[in-house]
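Below is the file entry-v2.pdb, which contains PDB, C-alpha atoms.
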```pdb
ATOM      1  CA  MET A  45      11.045  14.651  14.974
ATOM      2  CA  GLY A  46       8.928  15.888  17.881
ATOM      3  CA  SER A  47       6.389  18.680  17.735
ATOM      4  CA  LYS A  48       7.767  22.104  16.865
ATOM      5  CA  SER A  49       7.720  24.404  19.895
ATOM      6  CA  VAL A  50       6.631  28.017  19.562
ATOM      7  CA  GLU A  51       9.149  30.569  20.784
ATOM      8  CA  VAL A  52       7.676  32.545  23.687
ATOM      9  CA  SER A  53       8.457  35.638  25.746
ATOM     10  CA  ARG A  54       6.643  36.967  28.798
ATOM     11  CA  GLN A  55       4.629  40.187  28.663
ATOM     12  CA  PRO A  56       2.169  41.679  31.153
ATOM     13  CA  CYS A  57      -1.484  40.750  30.704
ATOM     14  CA  LEU A  58      -3.624  43.792  29.921
ATOM     15  CA  LEU A  59      -6.720  42.244  31.508
ATOM     16  CA  CYS A  60      -5.621  41.099  34.946
ATOM     17  CA  THR A  61      -2.080  42.356  35.585
ATOM     18  CA  PRO A  62      -0.141  41.689  37.766
ATOM     19  CA  ILE A  63      -1.761  38.389  38.771
ATOM     20  CA  CYS A  64      -1.737  36.926  35.283
ATOM     21  CA  THR A  65       1.000  36.951  32.700
ATOM     22  CA  MET A  66       0.784  36.711  28.975
ATOM     23  CA  ARG A  67       2.927  34.554  26.752
ATOM     24  CA  ARG A  68       3.384  35.557  23.136
ATOM     25  CA  GLY A  69       4.703  33.121  20.597
ATOM     26  CA  GLY A  70       5.927  33.967  17.131
ATOM     27  CA  GLY A  71       5.983  31.477  14.312
ATOM     28  CA  GLU A  72       5.932  31.535  10.537
ATOM     29  CA  SER A  73       3.127  28.958  10.506
ATOM     30  CA  THR A  74       0.685  31.216  12.402
ATOM     31  CA  GLU A  75      -1.507  33.872  10.843
ATOM     32  CA  ASP A  76      -3.000  35.685  13.827
ATOM     33  CA  ASP A  77      -2.208  36.372  17.434
ATOM     34  CA  VAL A  78      -4.609  34.867  19.906
ATOM     35  CA  PHE A  79      -4.943  35.368  23.624
ATOM     36  CA  ALA A  80      -5.836  32.458  25.859
ATOM     37  CA  HIS A  81      -7.436  33.043  29.245
ATOM     38  CA  PRO A  82      -7.602  30.199  31.819
ATOM     39  CA  ASP A  83     -11.105  29.046  32.646
ATOM     40  CA  GLU A  84     -10.314  28.862  36.363
ATOM     41  CA  CYS A  85      -9.394  32.557  36.686
ATOM     42  CA  GLY A  86     -12.112  34.332  38.704
ATOM     43  CA  LEU A  87     -10.970  37.843  37.848
ATOM     44  CA  ILE A  88     -12.732  37.998  34.506
ATOM     45  CA  PRO A  89     -16.284  36.567  34.363
ATOM     46  CA  LYS A  90     -17.082  34.251  31.473
ATOM     47  CA  LEU A  91     -19.837  36.623  30.365
ATOM     48  CA  LEU A  92     -17.275  39.418  29.944
ATOM     49  CA  LEU A  93     -15.016  37.074  28.002
ATOM     50  CA  GLN A  94     -17.900  36.295  25.670
ATOM     51  CA  LEU A  95     -18.603  40.004  25.214
ATOM     52  CA  LEU A  96     -14.943  40.458  24.332
ATOM     53  CA  GLY A  97     -15.380  37.873  21.574
ATOM     54  CA  ALA A  98     -13.588  35.035  23.312
ATOM     55  CA  SER A  99     -14.473  31.375  22.875
ATOM     56  CA  PRO A 100     -13.639  28.087  24.710
ATOM     57  CA  THR A 101     -12.506  26.700  21.330
ATOM     58  CA  PRO A 102      -9.061  27.735  20.035
ATOM     59  CA  PRO A 103      -9.331  29.321  16.585
ATOM     60  CA  PRO A 104      -7.302  27.794  13.730
ATOM     61  CA  PRO A 105      -4.791  27.801  12.220
ATOM     62  CA  TYR A 106      -2.160  26.379  14.536
ATOM     63  CA  PRO A 107       0.084  23.405  13.743
ATOM     64  CA  HIS A 108      -0.277  21.683  17.115
ATOM     65  CA  SER A 109      -3.455  23.160  18.625
ATOM     66  CA  SER A 110      -4.242  19.712  20.022
ATOM     67  CA  ASN A 111      -1.212  20.128  22.282
ATOM     68  CA  ILE A 112      -2.497  23.268  24.024
ATOM     69  CA  LYS A 113      -3.796  22.872  27.570
ATOM     70  CA  SER A 114      -7.578  22.941  27.781
ATOM     71  CA  GLY A 115      -9.657  25.172  30.064
ATOM     72  CA  LEU A 116      -8.706  28.334  28.200
ATOM     73  CA  TRP A 117     -10.693  31.111  26.531
ATOM     74  CA  TRP A 118      -9.363  32.222  23.170
ATOM     75  CA  ARG A 119      -9.577  35.358  21.043
ATOM     76  CA  ARG A 120      -7.740  36.575  17.957
ATOM     77  CA  LEU A 121      -5.292  39.474  18.291
ATOM     78  CA  PRO A 122      -3.426  41.416  15.568
ATOM     79  CA  PRO A 123      -1.010  39.316  13.463
ATOM     80  CA  GLY A 124       2.275  38.124  14.936
ATOM     81  CA  GLY A 125       1.977  34.990  17.080
ATOM     82  CA  TRP A 126       0.056  33.476  19.955
ATOM     83  CA  ALA A 127      -0.527  34.804  23.454
ATOM     84  CA  ALA A 128      -1.720  32.972  26.545
ATOM     85  CA  LEU A 129      -2.580  34.281  30.000
ATOM     86  CA  HIS A 130      -1.260  32.754  33.239
ATOM     87  CA  GLY A 131       1.853  31.599  31.393
ATOM     88  CA  SER A 132       0.077  28.536  30.006
ATOM     89  CA  GLU A 133       2.482  26.071  28.409
ATOM     90  CA  LEU A 134       2.253  23.966  25.281
ATOM     91  CA  TRP A 135       1.044  20.524  26.312
ATOM     92  CA  PRO A 136       3.694  17.901  25.413
ATOM     93  CA  GLY A 137       2.674  15.541  22.628
ATOM     94  CA  PRO A 138       2.542  11.756  22.959
ATOM     95  CA  ARG A 139       5.885   9.947  22.905
ATOM     96  CA  VAL A 140       5.742   7.251  20.230
ATOM     97  CA  ALA A 141       8.208   4.437  19.600
ATOM     98  CA  LEU A 142       8.452   3.532  15.904
ATOM     99  CA  GLU A 143       9.828   0.039  15.228
ATOM    100  CA  LEU A 144      11.513  -0.616  11.872
ATOM    101  CA  SER A 145      12.843  -3.810  10.314
ATOM    102  CA  GLY A 146      15.264  -2.346   7.786
ATOM    103  CA  CYS A 147      14.777  -0.266   4.629
ATOM    104  CA  GLY A 148      13.177  -1.882   1.570
ATOM    105  CA  VAL A 149       9.834  -3.577   0.991
ATOM    106  CA  TYR A 150      10.893  -7.102  -0.040
ATOM    107  CA  ASP A 151      13.257  -7.828   2.848
ATOM    108  CA  ARG A 152      12.821  -4.976   5.345
ATOM    109  CA  THR A 153      10.395  -2.138   6.236
ATOM    110  CA  GLU A 154       8.165  -0.765   3.480
ATOM    111  CA  ILE A 155       9.641   2.731   3.045
ATOM    112  CA  HIS A 156       6.412   4.454   1.989
ATOM    113  CA  GLU A 157       4.641   3.109   5.051
ATOM    114  CA  ALA A 158       7.391   4.247   7.423
ATOM    115  CA  SER A 159       7.452   7.704   5.847
ATOM    116  CA  VAL A 160       3.671   8.077   5.941
ATOM    117  CA  VAL A 161       3.605   7.033   9.605
ATOM    118  CA  LEU A 162       6.238   9.682  10.366
ATOM    119  CA  VAL A 163       4.309  12.364   8.472
ATOM    120  CA  HIS A 164       1.069  11.669  10.319
ATOM    121  CA  GLN A 165       2.840  11.491  13.672
ATOM    122  CA  SER A 166       4.491  14.846  12.988
ATOM    123  CA  ARG A 167       1.145  16.356  12.028
ATOM    124  CA  GLY A 168      -0.376  14.953  15.213
ATOM    125  CA  GLY A 169       2.314  16.561  17.377
ATOM    126  CA  ALA A 170       3.922  13.303  18.493
ATOM    127  CA  GLU A 171       7.503  12.989  19.696
ATOM    128  CA  VAL A 172       8.967  10.035  17.813
ATOM    129  CA  GLN A 173      11.916   7.805  18.661
ATOM    130  CA  ILE A 174      12.901   5.152  16.135
ATOM    131  CA  PHE A 175      14.069   1.642  17.034
ATOM    132  CA  ALA A 176      15.194  -1.489  15.199
ATOM    133  CA  PRO A 177      16.724  -4.833  16.193
ATOM    134  CA  ASP A 178      20.501  -5.130  15.966
ATOM    135  CA  PHE A 179      21.113  -8.350  14.036
ATOM    136  CA  PRO A 180      21.585  -9.495  10.414
ATOM    137  CA  GLN A 181      18.416  -9.505   8.318
ATOM    138  CA  MET A 182      17.127 -12.868   7.053
ATOM    139  CA  HIS A 183      18.440 -12.237   3.535
ATOM    140  CA  VAL A 184      19.047  -9.405   1.073
ATOM    141  CA  VAL A 185      16.713  -9.047  -1.904
ATOM    142  CA  ASP A 186      17.794  -7.349  -5.120
ATOM    143  CA  HIS A 187      14.831  -4.997  -5.560
ATOM    144  CA  VAL A 188      15.464  -4.672  -9.304
ATOM    145  CA  LYS A 189      15.463  -8.413  -9.987
ATOM    146  CA  GLY A 190      13.150  -9.342  -7.100
ATOM    147  CA  GLN A 191      15.525 -12.130  -6.130
ATOM    148  CA  PRO A 192      17.738 -12.828  -3.083
ATOM    149  CA  SER A 193      21.402 -11.857  -3.335
ATOM    150  CA  GLU A 194      23.064 -14.842  -1.680
ATOM    151  CA  SER A 195      26.487 -13.210  -1.298
ATOM    152  CA  LYS A 196      25.239 -10.149   0.598
ATOM    153  CA  SER A 197      24.420  -9.589   4.263
ATOM    154  CA  ARG A 198      23.032  -6.487   5.957
ATOM    155  CA  ASN A 199      22.274  -5.467   9.523
ATOM    156  CA  VAL A 200      18.673  -4.534  10.348
ATOM    157  CA  LEU A 201      19.633  -1.645  12.648
ATOM    158  CA  ALA A 202      22.119  -0.200  10.156
ATOM    159  CA  GLU A 203      19.626  -0.422   7.301
ATOM    160  CA  SER A 204      16.829   1.102   9.399
ATOM    161  CA  ALA A 205      19.121   4.037  10.171
ATOM    162  CA  ARG A 206      18.708   5.078   6.513
ATOM    163  CA  THR A 207      15.024   5.815   7.071
ATOM    164  CA  ALA A 208      15.694   7.285  10.516
ATOM    165  CA  ARG A 209      18.328   9.669   9.077
ATOM    166  CA  GLY A 210      20.816   8.185  11.528
ATOM    167  CA  LYS A 211      18.758   8.834  14.671
ATOM    168  CA  ILE A 212      17.985   5.308  15.785
ATOM    169  CA  THR A 213      18.278   3.092  18.863
ATOM    170  CA  SER A 214      18.553  -0.662  19.313
ATOM    171  CA  LEU A 215      15.188  -2.294  19.943
ATOM    172  CA  ALA A 216      16.678  -4.033  22.986
ATOM    173  CA  GLN A 217      16.753  -0.637  24.725
ATOM    174  CA  LEU A 218      13.068   0.165  24.172
ATOM    175  CA  SER A 219      10.993   0.373  27.341
ATOM    176  CA  ALA A 220       7.266   1.012  27.454
ATOM    177  CA  SER A 221       7.789   3.155  30.542
ATOM    178  CA  ASN A 222       9.428   5.832  28.371
ATOM    179  CA  HIS A 223       6.757   5.989  25.674
ATOM    180  CA  ASP A 224       3.002   6.425  25.281
ATOM    181  CA  ALA A 225       2.506   4.250  22.195
ATOM    182  CA  ALA A 226       4.290   1.947  19.753
ATOM    183  CA  ILE A 227       3.829   1.655  15.983
ATOM    184  CA  PHE A 228       5.059  -1.075  13.611
ATOM    185  CA  PRO A 229       5.020  -0.360   9.851
ATOM    186  CA  GLY A 230       4.837  -3.293   7.453
ATOM    187  CA  GLY A 231       6.976  -4.594   4.651
ATOM    188  CA  PHE A 232       8.362  -8.127   4.396
ATOM    189  CA  GLY A 233      10.839  -7.282   7.146
ATOM    190  CA  ALA A 234       8.026  -7.750   9.667
ATOM    191  CA  ALA A 235       7.564 -11.284   8.343
ATOM    192  CA  LYS A 236      11.267 -12.069   7.827
ATOM    193  CA  ASN A 237      13.225 -10.135  10.463
ATOM    194  CA  LEU A 238      10.754  -9.352  13.243
ATOM    195  CA  SER A 239       9.203 -12.803  12.885
ATOM    196  CA  THR A 240       9.490 -15.988  10.825
ATOM    197  CA  PHE A 241       6.007 -15.707   9.294
ATOM    198  CA  ALA A 242       7.328 -15.570   5.719
ATOM    199  CA  VAL A 243       9.083 -18.936   6.187
ATOM    200  CA  ASP A 244       7.014 -20.815   8.755
ATOM    201  CA  GLY A 245       3.464 -19.602   8.050
ATOM    202  CA  LYS A 246       1.022 -20.169  10.923
ATOM    203  CA  ASP A 247       3.777 -21.897  12.933
ATOM    204  CA  TYR A 248       5.942 -18.762  12.946
ATOM    205  CA  LYS A 249       7.839 -17.264  15.870
ATOM    206  CA  VAL A 250       8.225 -13.603  16.858
ATOM    207  CA  ASP A 251      11.610 -12.112  17.739
ATOM    208  CA  LYS A 252      12.065 -12.048  21.522
ATOM    209  CA  ASP A 253      12.638  -8.269  21.727
ATOM    210  CA  VAL A 254       9.578  -7.584  19.564
ATOM    211  CA  GLU A 255       7.530  -9.941  21.729
ATOM    212  CA  GLN A 256       8.708  -8.180  24.875
ATOM    213  CA  VAL A 257       7.819  -4.756  23.470
ATOM    214  CA  LEU A 258       4.321  -5.880  22.514
ATOM    215  CA  LYS A 259       3.725  -7.471  25.908
ATOM    216  CA  GLU A 260       5.052  -4.456  27.814
ATOM    217  CA  PHE A 261       2.915  -1.912  25.969
ATOM    218  CA  HIS A 262      -0.123  -4.178  26.203
ATOM    219  CA  ALA A 263       0.336  -4.723  29.946
ATOM    220  CA  ALA A 264       0.716  -0.965  30.450
ATOM    221  CA  ARG A 265      -2.512  -0.316  28.479
ATOM    222  CA  LYS A 266      -0.576   1.764  25.980
ATOM    223  CA  PRO A 267      -1.792   1.699  22.348
ATOM    224  CA  ILE A 268      -0.048  -0.293  19.634
ATOM    225  CA  GLY A 269      -0.417   0.478  15.935
ATOM    226  CA  LEU A 270       0.451  -1.961  13.142
ATOM    227  CA  CYS A 271      -0.046  -1.837   9.385
ATOM    228  CA  CYS A 272       0.292  -4.079   6.330
ATOM    229  CA  ILE A 273       1.656  -7.524   7.362
ATOM    230  CA  ALA A 274       2.783  -6.332  10.820
ATOM    231  CA  PRO A 275      -0.546  -7.255  12.517
ATOM    232  CA  VAL A 276       0.640 -10.881  12.452
ATOM    233  CA  LEU A 277       3.063  -9.877  15.243
ATOM    234  CA  ALA A 278       0.198  -8.894  17.538
ATOM    235  CA  ALA A 279      -1.875 -11.907  16.494
ATOM    236  CA  LYS A 280       0.893 -14.238  17.681
ATOM    237  CA  VAL A 281       1.781 -12.453  20.935
ATOM    238  CA  LEU A 282      -1.506 -11.018  22.206
ATOM    239  CA  ARG A 283      -4.074 -13.752  22.742
ATOM    240  CA  GLY A 284      -7.502 -13.079  21.213
ATOM    241  CA  VAL A 285      -6.510  -9.699  19.728
ATOM    242  CA  GLU A 286      -8.591  -8.145  16.935
ATOM    243  CA  VAL A 287      -6.667  -7.036  13.822
ATOM    244  CA  THR A 288      -7.153  -6.383  10.130
ATOM    245  CA  VAL A 289      -5.000  -7.083   7.100
ATOM    246  CA  GLY A 290      -7.828  -6.029   4.781
ATOM    247  CA  HIS A 291     -10.097  -8.443   2.914
ATOM    248  CA  GLU A 292     -10.208 -12.239   3.136
ATOM    249  CA  GLN A 293     -10.522 -12.932  -0.603
ATOM    250  CA  GLU A 294      -8.029 -11.940  -3.311
ATOM    251  CA  GLU A 295     -10.778 -10.369  -5.433
ATOM    252  CA  GLY A 296      -8.966 -10.672  -8.738
ATOM    253  CA  GLY A 297      -5.582  -9.693  -7.338
ATOM    254  CA  LYS A 298      -6.653  -6.559  -5.475
ATOM    255  CA  TRP A 299      -5.858  -8.291  -2.160
ATOM    256  CA  PRO A 300      -2.923 -10.603  -3.090
ATOM    257  CA  TYR A 301      -2.096 -11.484   0.525
ATOM    258  CA  ALA A 302      -5.655 -12.252   1.620
ATOM    259  CA  GLY A 303      -4.594 -15.691   2.866
ATOM    260  CA  THR A 304      -2.883 -13.977   5.812
ATOM    261  CA  ALA A 305      -6.304 -13.548   7.412
ATOM    262  CA  GLU A 306      -6.706 -17.318   7.726
ATOM    263  CA  ALA A 307      -3.334 -17.662   9.447
ATOM    264  CA  ILE A 308      -4.378 -14.948  11.901
ATOM    265  CA  LYS A 309      -7.638 -16.731  12.695
ATOM    266  CA  ALA A 310      -5.811 -20.046  13.109
ATOM    267  CA  LEU A 311      -3.939 -18.479  16.033
ATOM    268  CA  GLY A 312      -7.192 -17.649  17.818
ATOM    269  CA  ALA A 313      -7.071 -13.952  16.938
ATOM    270  CA  LYS A 314     -10.056 -12.239  15.339
ATOM    271  CA  HIS A 315      -9.697 -10.892  11.811
ATOM    272  CA  CYS A 316     -11.883  -7.917  10.930
ATOM    273  CA  VAL A 317     -12.480  -7.112   7.263
ATOM    274  CA  LYS A 318     -11.613  -3.479   6.513
ATOM    275  CA  GLY A 319     -10.986  -1.347   3.444
ATOM    276  CA  VAL A 320      -7.567   0.072   2.688
ATOM    277  CA  THR A 321      -8.501   3.577   3.885
ATOM    278  CA  GLU A 322      -9.869   2.270   7.189
ATOM    279  CA  ALA A 323      -8.350   1.347  10.529
ATOM    280  CA  HIS A 324      -9.689  -1.200  12.984
ATOM    281  CA  VAL A 325      -9.547  -0.377  16.684
ATOM    282  CA  ASP A 326      -9.511  -3.193  19.241
ATOM    283  CA  GLN A 327     -10.659  -1.132  22.203
ATOM    284  CA  LYS A 328     -10.101  -3.922  24.714
ATOM    285  CA  ASN A 329      -6.478  -4.530  23.762
ATOM    286  CA  ARG A 330      -5.807  -0.979  22.516
ATOM    287  CA  VAL A 331      -4.454  -2.274  19.214
ATOM    288  CA  VAL A 332      -5.040  -0.332  15.968
ATOM    289  CA  THR A 333      -4.401  -1.871  12.537
ATOM    290  CA  THR A 334      -4.826  -0.942   8.867
ATOM    291  CA  PRO A 335      -4.192  -2.948   5.636
ATOM    292  CA  ALA A 336      -1.830  -0.533   3.826
ATOM    293  CA  PHE A 337       0.047  -2.363   1.036
ATOM    294  CA  MET A 338      -1.810  -5.621   1.625
ATOM    295  CA  CYS A 339      -4.019  -3.990  -1.024
ATOM    296  CA  GLU A 340      -2.981  -3.218  -4.599
ATOM    297  CA  THR A 341      -4.170   0.374  -4.874
ATOM    298  CA  ALA A 342      -3.058   3.975  -5.317
ATOM    299  CA  LEU A 343      -0.558   5.374  -2.831
ATOM    300  CA  HIS A 344      -2.898   8.081  -1.561
ATOM    301  CA  HIS A 345      -5.329   5.401  -0.345
ATOM    302  CA  ILE A 346      -2.484   3.799   1.615
ATOM    303  CA  HIS A 347      -1.648   7.241   3.008
ATOM    304  CA  ASP A 348      -5.225   7.777   4.184
ATOM    305  CA  GLY A 349      -5.498   4.381   5.859
ATOM    306  CA  ILE A 350      -2.224   4.791   7.724
ATOM    307  CA  GLY A 351      -3.344   8.280   8.711
ATOM    308  CA  ALA A 352      -6.511   6.818  10.222
ATOM    309  CA  MET A 353      -4.403   4.298  12.156
ATOM    310  CA  VAL A 354      -1.969   6.902  13.496
ATOM    311  CA  LYS A 355      -4.809   9.241  14.461
ATOM    312  CA  LYS A 356      -6.526   6.514  16.495
ATOM    313  CA  VAL A 357      -3.269   5.526  18.191
ATOM    314  CA  LEU A 358      -2.568   9.110  19.221
ATOM    315  CA  GLU A 359      -6.146   9.531  20.466
ATOM    316  CA  LEU A 360      -5.784   6.424  22.635
ATOM    317  CA  THR A 361      -2.759   7.930  24.370
ATOM    318  CA  GLY A 362      -5.033  10.613  25.793
ATOM    319  CA  LYS A 363      -2.493  13.336  25.016
TER
END
```

Just dump the structure as structure tokens.
Amino acid sequence: MGSKSVEVSRQPCLLCTPICTMRRGGGESTEDDVFAHPDECGLIPKLLLQLLGASPTPPPPYPHSSNIKSGLWWRRLPPGGWAALHGSELWPGPRVALELSGCGVYDRTEIHEASVVLVHQSRGGAEVQIFAPDFPQMHVVDHVKGQPSESKSRNVLAESARTARGKITSLAQLSASNHDAAIFPGGFGAAKNLSTFAVDGKDYKVDKDVEQVLKEFHAARKPIGLCCIAPVLAAKVLRGVEVTVGHEQEEGGKWPYAGTAEAIKALGAKHCVKGVTEAHVDQKNRVVTTPAFMCETALHHIHDGIGAMVKKVLELTGK
């Protein structure tokens, strides 16, 4: 699920051979070849580069242009791929840990939210590893009837593996030292499996592994993204954090879970009113939140809000 690397092969640079080398990359997603010349090279003056039509800004299109090392001068070449002088490498994208709580909105992770997070992370060039706790979920809800199925039991890790297409790791093995950011999608699983918020309200507890993850990333100054109901996890663990779950009034049913904001404030956290397409950034704590399905609205609005959250998280990694 990481960023797609461009295949490369070395060729001599026509401008400053043999000191520099050129790397050409082919890819079906590119339209033009481009050469990239390092800014620190003293062989070719910047004025000459400008006369040659080069620019400090890489020309689009390129799927992961944000992952190219800076300090280069760029110019289009005939179609076929990308070229870079001095053997410049693709800059590795941020490593993001995605925490799930199962697969299904009423008792586990909201599937649309998890998928949208993955799409935006892929577009942003992130390398994603998916985690979930390895224990039985609180209960199983029949999503047709909207009622618990008392005779059934399911494991959170096994159910999360459905969304992860089998590539998943136990949350107990997650370490902040191996990742640049962490993101928690919503769904009732965040309030039933990752915490007891759905049962205990403002007196809820957070799962010990989830608490440890939040504290580790926070202590390491690594960004944490949460959407939908998941911000209650940060509100409980990170003292004085700023989060949003949307609006604080139901407004005729548009914000059916507006009461969550009061529970957040009761913990000493700050609730910030935001629209569904917006994300709130707590710069001090490096926590980014967005309402997602706390709002009854069209799916594309949810998509845009989660996109804003993911974008801010990736920006905060500095990669």

For this session: Tell me, as JSON, numbers by chain, which residues lie within 12 Å of region 245-251 of chain A, counting all atoms listed in the file; anything in the same chain fewer than 4 positions away does not count.
Result: {"A": [145, 176, 177, 178, 179, 181, 215, 216, 233, 234, 235, 236, 237, 238, 239, 240, 241, 255, 256, 257, 258, 259, 274, 275, 276, 277, 278, 279, 280, 281, 282, 303, 304, 305, 306, 307, 308, 309, 310, 311, 312, 313]}

Problem set entry | Computed interatomic separation between CA of Arg330 (chain A) and CA of Tyr150 (chain A) (Å) | 28.7 Å

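Put simply, CA of Pro267 (chain A) is 21.8 Å away from CA of Phe337 (chain A).
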
Run the PyMOL selection byres ((chain A and resi 156) around 10) on the file and write out the hits as a short mmCIF file (atom, residue, chain, number, x, y, z; two decimals) with C-alpha atoms, in the coordinates of the input.
```
data_model
loop_
_atom_site.label_atom_id
_atom_site.label_comp_id
_atom_site.auth_asym_id
_atom_site.auth_seq_id
_atom_site.Cartn_x
_atom_site.Cartn_y
_atom_site.Cartn_z
CA CYS A 147 14.78 -0.27 4.63
CA GLY A 148 13.18 -1.88 1.57
CA VAL A 149 9.83 -3.58 0.99
CA THR A 153 10.40 -2.14 6.24
CA GLU A 154 8.16 -0.76 3.48
CA ILE A 155 9.64 2.73 3.04
CA GLU A 157 4.64 3.11 5.05
CA ALA A 158 7.39 4.25 7.42
CA SER A 159 7.45 7.70 5.85
CA VAL A 160 3.67 8.08 5.94
CA VAL A 161 3.60 7.03 9.60
CA LEU A 162 6.24 9.68 10.37
CA PRO A 229 5.02 -0.36 9.85
CA GLY A 230 4.84 -3.29 7.45
CA GLY A 231 6.98 -4.59 4.65
CA ALA A 336 -1.83 -0.53 3.83
CA PHE A 337 0.05 -2.36 1.04
CA LEU A 343 -0.56 5.37 -2.83
CA ILE A 346 -2.48 3.80 1.62
CA HIS A 347 -1.65 7.24 3.01
#
```

For this session: For the structure shown, which residues end up in the PyMOL selection byres ((chain A and resi 174) around 12)? Put them as an NGL selection string, please?
Result: :A and (45-46 or 139-146 or 158-159 or 161-162 or 171-173 or 175-177 or 201 or 204-215 or 217-218 or 223 or 226-229)

Those same residues - C-alpha atoms - I'd like them written as an mmCIF file, in the frame of the given file.
```cif
data_model
loop_
_atom_site.group_PDB
_atom_site.id
_atom_site.type_symbol
_atom_site.label_atom_id
_atom_site.label_comp_id
_atom_site.auth_asym_id
_atom_site.auth_seq_id
_atom_site.Cartn_x
_atom_site.Cartn_y
_atom_site.Cartn_z
ATOM 1 C CA MET A 45 11.045 14.651 14.974
ATOM 2 C CA GLY A 46 8.928 15.888 17.881
ATOM 3 C CA ARG A 139 5.885 9.947 22.905
ATOM 4 C CA VAL A 140 5.742 7.251 20.230
ATOM 5 C CA ALA A 141 8.208 4.437 19.600
ATOM 6 C CA LEU A 142 8.452 3.532 15.904
ATOM 7 C CA GLU A 143 9.828 0.039 15.228
ATOM 8 C CA LEU A 144 11.513 -0.616 11.872
ATOM 9 C CA SER A 145 12.843 -3.810 10.314
ATOM 10 C CA GLY A 146 15.264 -2.346 7.786
ATOM 11 C CA ALA A 158 7.391 4.247 7.423
ATOM 12 C CA SER A 159 7.452 7.704 5.847
ATOM 13 C CA VAL A 161 3.605 7.033 9.605
ATOM 14 C CA LEU A 162 6.238 9.682 10.366
ATOM 15 C CA GLU A 171 7.503 12.989 19.696
ATOM 16 C CA VAL A 172 8.967 10.035 17.813
ATOM 17 C CA GLN A 173 11.916 7.805 18.661
ATOM 18 C CA PHE A 175 14.069 1.642 17.034
ATOM 19 C CA ALA A 176 15.194 -1.489 15.199
ATOM 20 C CA PRO A 177 16.724 -4.833 16.193
ATOM 21 C CA LEU A 201 19.633 -1.645 12.648
ATOM 22 C CA SER A 204 16.829 1.102 9.399
ATOM 23 C CA ALA A 205 19.121 4.037 10.171
ATOM 24 C CA ARG A 206 18.708 5.078 6.513
ATOM 25 C CA THR A 207 15.024 5.815 7.071
ATOM 26 C CA ALA A 208 15.694 7.285 10.516
ATOM 27 C CA ARG A 209 18.328 9.669 9.077
ATOM 28 C CA GLY A 210 20.816 8.185 11.528
ATOM 29 C CA LYS A 211 18.758 8.834 14.671
ATOM 30 C CA ILE A 212 17.985 5.308 15.785
ATOM 31 C CA THR A 213 18.278 3.092 18.863
ATOM 32 C CA SER A 214 18.553 -0.662 19.313
ATOM 33 C CA LEU A 215 15.188 -2.294 19.943
ATOM 34 C CA GLN A 217 16.753 -0.637 24.725
ATOM 35 C CA LEU A 218 13.068 0.165 24.172
ATOM 36 C CA HIS A 223 6.757 5.989 25.674
ATOM 37 C CA ALA A 226 4.290 1.947 19.753
ATOM 38 C CA ILE A 227 3.829 1.655 15.983
ATOM 39 C CA PHE A 228 5.059 -1.075 13.611
ATOM 40 C CA PRO A 229 5.020 -0.360 9.851
#
```

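Taking CA of Gln165 (chain A) and CA of Asn199 (chain A) as endpoints, the distance between them is 26.1 Å.
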
Problem set entry | Shortest interatomic distance to Cys272 (chain A) - which of A:Lys363, A:Lys355, A:Lys318, A:Lys252, counting all atoms listed in the file | A:Lys318

For this session: List the residues matched by the PyMOL selection byres ((chain A and resi 185) around 12) in the displayed structure as an MDAnalysis selection string, ordered by chain and then by residue number.
Result: chainID A and resid 146:152 181:184 186:198 232:233 236

Dump of C-alpha atoms for the selected residues, as a short mmCIF file (atom, residue, chain, number, x, y, z; two decimals), keeping the file's coordinate frame:
```cif
data_model
loop_
_atom_site.label_atom_id
_atom_site.label_comp_id
_atom_site.auth_asym_id
_atom_site.auth_seq_id
_atom_site.Cartn_x
_atom_site.Cartn_y
_atom_site.Cartn_z
CA GLY A 146 15.26 -2.35 7.79
CA CYS A 147 14.78 -0.27 4.63
CA GLY A 148 13.18 -1.88 1.57
CA VAL A 149 9.83 -3.58 0.99
CA TYR A 150 10.89 -7.10 -0.04
CA ASP A 151 13.26 -7.83 2.85
CA ARG A 152 12.82 -4.98 5.34
CA GLN A 181 18.42 -9.51 8.32
CA MET A 182 17.13 -12.87 7.05
CA HIS A 183 18.44 -12.24 3.54
CA VAL A 184 19.05 -9.40 1.07
CA ASP A 186 17.79 -7.35 -5.12
CA HIS A 187 14.83 -5.00 -5.56
CA VAL A 188 15.46 -4.67 -9.30
CA LYS A 189 15.46 -8.41 -9.99
CA GLY A 190 13.15 -9.34 -7.10
CA GLN A 191 15.52 -12.13 -6.13
CA PRO A 192 17.74 -12.83 -3.08
CA SER A 193 21.40 -11.86 -3.34
CA GLU A 194 23.06 -14.84 -1.68
CA SER A 195 26.49 -13.21 -1.30
CA LYS A 196 25.24 -10.15 0.60
CA SER A 197 24.42 -9.59 4.26
CA ARG A 198 23.03 -6.49 5.96
CA PHE A 232 8.36 -8.13 4.40
CA GLY A 233 10.84 -7.28 7.15
CA LYS A 236 11.27 -12.07 7.83
#
```

Which centre and edge lengths in Å to one decimal define the box along x, y and z that fits every listed atom of region 248-255 of chain A plus 8 Å per side, as lines of an AutoDock Vina configuration file?
```
center_x = 9.3
center_y = -13.2
center_z = 17.3
size_x = 22.7
size_y = 27.2
size_z = 24.8
```

Excluding same-chain residues fewer than 4 positions from Pro300 (chain A), what lies within 9 Å of it counting all atoms listed in the file, as a JSON list (two decimals) with C-alpha atoms, in the coordinates of the input?
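Saved as around_11.json:
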```json
[["chain", "number", "residue", "atom", "x", "y", "z"],
["A", 293, "GLN", "CA", -10.52, -12.93, -0.60],
["A", 294, "GLU", "CA", -8.03, -11.94, -3.31],
["A", 295, "GLU", "CA", -10.78, -10.37, -5.43],
["A", 296, "GLY", "CA", -8.97, -10.67, -8.74],
["A", 338, "MET", "CA", -1.81, -5.62, 1.62],
["A", 339, "CYS", "CA", -4.02, -3.99, -1.02],
["A", 340, "GLU", "CA", -2.98, -3.22, -4.60]]
```
